[in-house]
Amino acid sequence: MARLFVLSCVTALSLLFTRLISALPSSEPVVLTTENYEKRTTGKTVFVLFFSPKCEKCRSFAPTWEKLSDEWDNHAIGLIGAVDCGGAGRDICAREDIGPLPSLKYGDPDSLEFYGGGAELEELRGFARENLVEFCSADSIRIKNCSGEETALIATFQAMTTKELDDEIKSMEETIESAKSRFTTEAEKLNELYSDLLEAKEKVVAGAESNGLSLMKEVRETAVSGHGP
């Protein structure tokens, strides 16, 4: 009887503990909207999920993102966020040129880059550890992270007029676009050359086979082994 009483007490305590644990609040990604984006991301390096509640892949990925968010909860530098592209974050998604969902971007909140890694938790953890760090910027909060060379560059740019900056930015972007265009053109030429060379090679191989190359090799092997006629 006493043993049953002890077991009953243990069971009751176990159930109580389970309920208490399940009642504890779990961390979720910071939901970023058009209204709170600047305030919530100031001074942070971010890793953001762009999603829609209607997206099945988004719903499947959500538990993984929540686990990562829990690990970065209240971090001084890194922020794991989420933007609802069908709701209060629609304008952010448009600004960030978000296409298929879910999508991930990271880095400077004012200049996000697309994430191209895997979707497994361990991959996301490693990427976050490596990239959610302080970085150099011209703003008053992050300029302390800049090297002497970077600080000198910022000072040079700050001394330029808006028109001078616009002209320099335009020139650099045109140079980049020109390089991209040349790369695409030359890559297409290489693909065409590859196709031509492949076709020529296959013709040579087919010609050799049609002229009895394989049979010739068999006859030679037979002759060398002494088993010929």
# chains A, B, ... in the order shown; residues from 1 in each chain; ligands from 1
call {"tool": "residues_around", "arguments": {"residues": "A:Glu113", "least_positions_apart": "4", "cutoff": "12 Å", "atoms": "only C-alpha atoms", "output": "list in words"}}
result
Thr45, Val46, Phe47, Val48, Glu96, Asp97, Ile98, Ser103, Leu104, Lys105, Tyr106, Gly107, Asp108, Pro109 and Asn131 of chain A
call {"tool": "select_by_dssp", "arguments": {"residues": "stretch 1-221 of chain A", "states": "helix (DSSP H, G or I)", "output": "count of residues only"}}
result
132
call {"tool": "atom_distance", "arguments": {"atom1": "atom CA of A:Lys144", "atom2": "atom CA of A:Gly81"}}
result
24.6 Å
call {"tool": "residues_around", "arguments": {"residues": "A:Asp110", "least_positions_apart": "6", "cutoff": "12 Å", "atoms": "only C-alpha atoms", "output": "VMD selection string"}}
result
chain A and resid 37 to 38 41 to 46 92 95 to 96 137 to 139
call {"tool": "write_last_selection", "arguments": {"atoms": "all heavy atoms", "output": "mmCIF file, in the first residue's frame"}}
result
data_model
loop_
_atom_site.group_PDB
_atom_site.id
_atom_site.type_symbol
_atom_site.label_atom_id
_atom_site.label_comp_id
_atom_site.auth_asym_id
_atom_site.auth_seq_id
_atom_site.Cartn_x
_atom_site.Cartn_y
_atom_site.Cartn_z
ATOM 1 N N TYR A 37 10.776 47.703 -38.294
ATOM 2 C CA TYR A 37 12.032 47.175 -38.854
ATOM 3 C C TYR A 37 13.251 47.957 -38.389
ATOM 4 O O TYR A 37 14.224 47.391 -37.885
ATOM 5 C CB TYR A 37 11.962 47.177 -40.381
ATOM 6 C CG TYR A 37 13.146 46.490 -41.035
ATOM 7 C CD1 TYR A 37 13.140 45.113 -41.251
ATOM 8 C CD2 TYR A 37 14.270 47.211 -41.435
ATOM 9 C CE1 TYR A 37 14.212 44.479 -41.855
ATOM 10 C CE2 TYR A 37 15.350 46.579 -42.031
ATOM 11 C CZ TYR A 37 15.314 45.219 -42.236
ATOM 12 O OH TYR A 37 16.388 44.585 -42.817
ATOM 13 N N GLU A 38 13.221 49.260 -38.567
ATOM 14 C CA GLU A 38 14.380 50.082 -38.207
ATOM 15 C C GLU A 38 14.687 49.990 -36.716
ATOM 16 O O GLU A 38 15.848 49.821 -36.308
ATOM 17 C CB GLU A 38 14.140 51.539 -38.605
ATOM 18 C CG GLU A 38 15.335 52.441 -38.312
ATOM 19 C CD GLU A 38 15.121 53.862 -38.786
ATOM 20 O OE1 GLU A 38 14.051 54.151 -39.378
ATOM 21 O OE2 GLU A 38 16.022 54.703 -38.565
ATOM 22 N N THR A 41 16.077 46.428 -35.692
ATOM 23 C CA THR A 41 17.341 45.974 -36.300
ATOM 24 C C THR A 41 18.512 46.929 -36.080
ATOM 25 O O THR A 41 19.636 46.601 -36.455
ATOM 26 C CB THR A 41 17.159 45.765 -37.814
ATOM 27 O OG1 THR A 41 16.817 47.022 -38.438
ATOM 28 C CG2 THR A 41 16.077 44.736 -38.096
ATOM 29 N N THR A 42 18.268 48.088 -35.500
ATOM 30 C CA THR A 42 19.350 49.053 -35.281
ATOM 31 C C THR A 42 20.480 48.429 -34.447
ATOM 32 O O THR A 42 20.238 47.879 -33.379
ATOM 33 C CB THR A 42 18.822 50.311 -34.562
ATOM 34 O OG1 THR A 42 17.865 50.958 -35.405
ATOM 35 C CG2 THR A 42 19.957 51.279 -34.262
ATOM 36 N N GLY A 43 21.693 48.505 -34.961
ATOM 37 C CA GLY A 43 22.848 47.968 -34.250
ATOM 38 C C GLY A 43 22.996 46.463 -34.333
ATOM 39 O O GLY A 43 23.902 45.894 -33.720
ATOM 40 N N LYS A 44 22.147 45.799 -35.107
ATOM 41 C CA LYS A 44 22.163 44.349 -35.200
ATOM 42 C C LYS A 44 22.705 43.873 -36.554
ATOM 43 O O LYS A 44 22.665 44.589 -37.547
ATOM 44 C CB LYS A 44 20.743 43.784 -35.026
ATOM 45 C CG LYS A 44 20.100 44.094 -33.687
ATOM 46 C CD LYS A 44 20.701 43.247 -32.573
ATOM 47 C CE LYS A 44 19.911 43.401 -31.285
ATOM 48 N NZ LYS A 44 20.447 42.557 -30.194
ATOM 49 N N THR A 45 23.200 42.642 -36.554
ATOM 50 C CA THR A 45 23.473 41.924 -37.787
ATOM 51 C C THR A 45 22.410 40.840 -37.846
ATOM 52 O O THR A 45 22.255 40.070 -36.895
ATOM 53 C CB THR A 45 24.870 41.290 -37.762
ATOM 54 O OG1 THR A 45 25.834 42.300 -37.468
ATOM 55 C CG2 THR A 45 25.204 40.659 -39.107
ATOM 56 N N VAL A 46 21.663 40.779 -38.940
ATOM 57 C CA VAL A 46 20.441 39.978 -38.938
ATOM 58 C C VAL A 46 20.492 38.775 -39.872
ATOM 59 O O VAL A 46 21.255 38.729 -40.842
ATOM 60 C CB VAL A 46 19.220 40.854 -39.301
ATOM 61 C CG1 VAL A 46 19.092 42.033 -38.344
ATOM 62 C CG2 VAL A 46 19.324 41.360 -40.743
ATOM 63 N N ILE A 92 8.512 45.315 -47.011
ATOM 64 C CA ILE A 92 9.908 44.892 -46.846
ATOM 65 C C ILE A 92 10.263 43.855 -47.905
ATOM 66 O O ILE A 92 11.330 43.911 -48.518
ATOM 67 C CB ILE A 92 10.145 44.311 -45.440
ATOM 68 C CG1 ILE A 92 9.815 45.343 -44.367
ATOM 69 C CG2 ILE A 92 11.592 43.845 -45.283
ATOM 70 C CD1 ILE A 92 9.892 44.803 -42.937
ATOM 71 N N ARG A 95 10.775 45.522 -51.210
ATOM 72 C CA ARG A 95 12.049 46.248 -51.206
ATOM 73 C C ARG A 95 13.240 45.309 -51.371
ATOM 74 O O ARG A 95 14.231 45.654 -52.023
ATOM 75 C CB ARG A 95 12.173 47.029 -49.900
ATOM 76 C CG ARG A 95 13.422 47.892 -49.794
ATOM 77 C CD ARG A 95 13.473 48.554 -48.433
ATOM 78 N NE ARG A 95 13.789 47.607 -47.374
ATOM 79 C CZ ARG A 95 13.374 47.726 -46.125
ATOM 80 N NH1 ARG A 95 12.596 48.728 -45.758
ATOM 81 N NH2 ARG A 95 13.707 46.830 -45.218
ATOM 82 N N GLU A 96 13.128 44.109 -50.807
ATOM 83 C CA GLU A 96 14.233 43.153 -50.834
ATOM 84 C C GLU A 96 14.184 42.210 -52.035
ATOM 85 O O GLU A 96 14.976 41.267 -52.120
ATOM 86 C CB GLU A 96 14.244 42.335 -49.545
ATOM 87 C CG GLU A 96 14.530 43.138 -48.290
ATOM 88 C CD GLU A 96 15.934 43.735 -48.270
ATOM 89 O OE1 GLU A 96 16.821 43.185 -48.950
ATOM 90 O OE2 GLU A 96 16.132 44.756 -47.589
ATOM 91 N N SER A 137 30.532 50.054 -40.759
ATOM 92 C CA SER A 137 29.531 50.842 -41.468
ATOM 93 C C SER A 137 29.762 52.315 -41.166
ATOM 94 O O SER A 137 30.394 52.666 -40.167
ATOM 95 C CB SER A 137 28.125 50.428 -41.029
ATOM 96 O OG SER A 137 27.146 51.269 -41.612
ATOM 97 N N ALA A 138 29.236 53.163 -42.025
ATOM 98 C CA ALA A 138 29.426 54.602 -41.836
ATOM 99 C C ALA A 138 28.507 55.183 -40.772
ATOM 100 O O ALA A 138 28.677 56.347 -40.384
ATOM 101 C CB ALA A 138 29.199 55.332 -43.160
ATOM 102 N N ASP A 139 27.545 54.389 -40.287
ATOM 103 C CA ASP A 139 26.640 54.954 -39.289
ATOM 104 C C ASP A 139 27.345 55.101 -37.943
ATOM 105 O O ASP A 139 28.371 54.480 -37.677
ATOM 106 C CB ASP A 139 25.364 54.117 -39.155
ATOM 107 C CG ASP A 139 25.606 52.728 -38.577
ATOM 108 O OD1 ASP A 139 26.130 52.639 -37.463
ATOM 109 O OD2 ASP A 139 25.269 51.743 -39.248
#
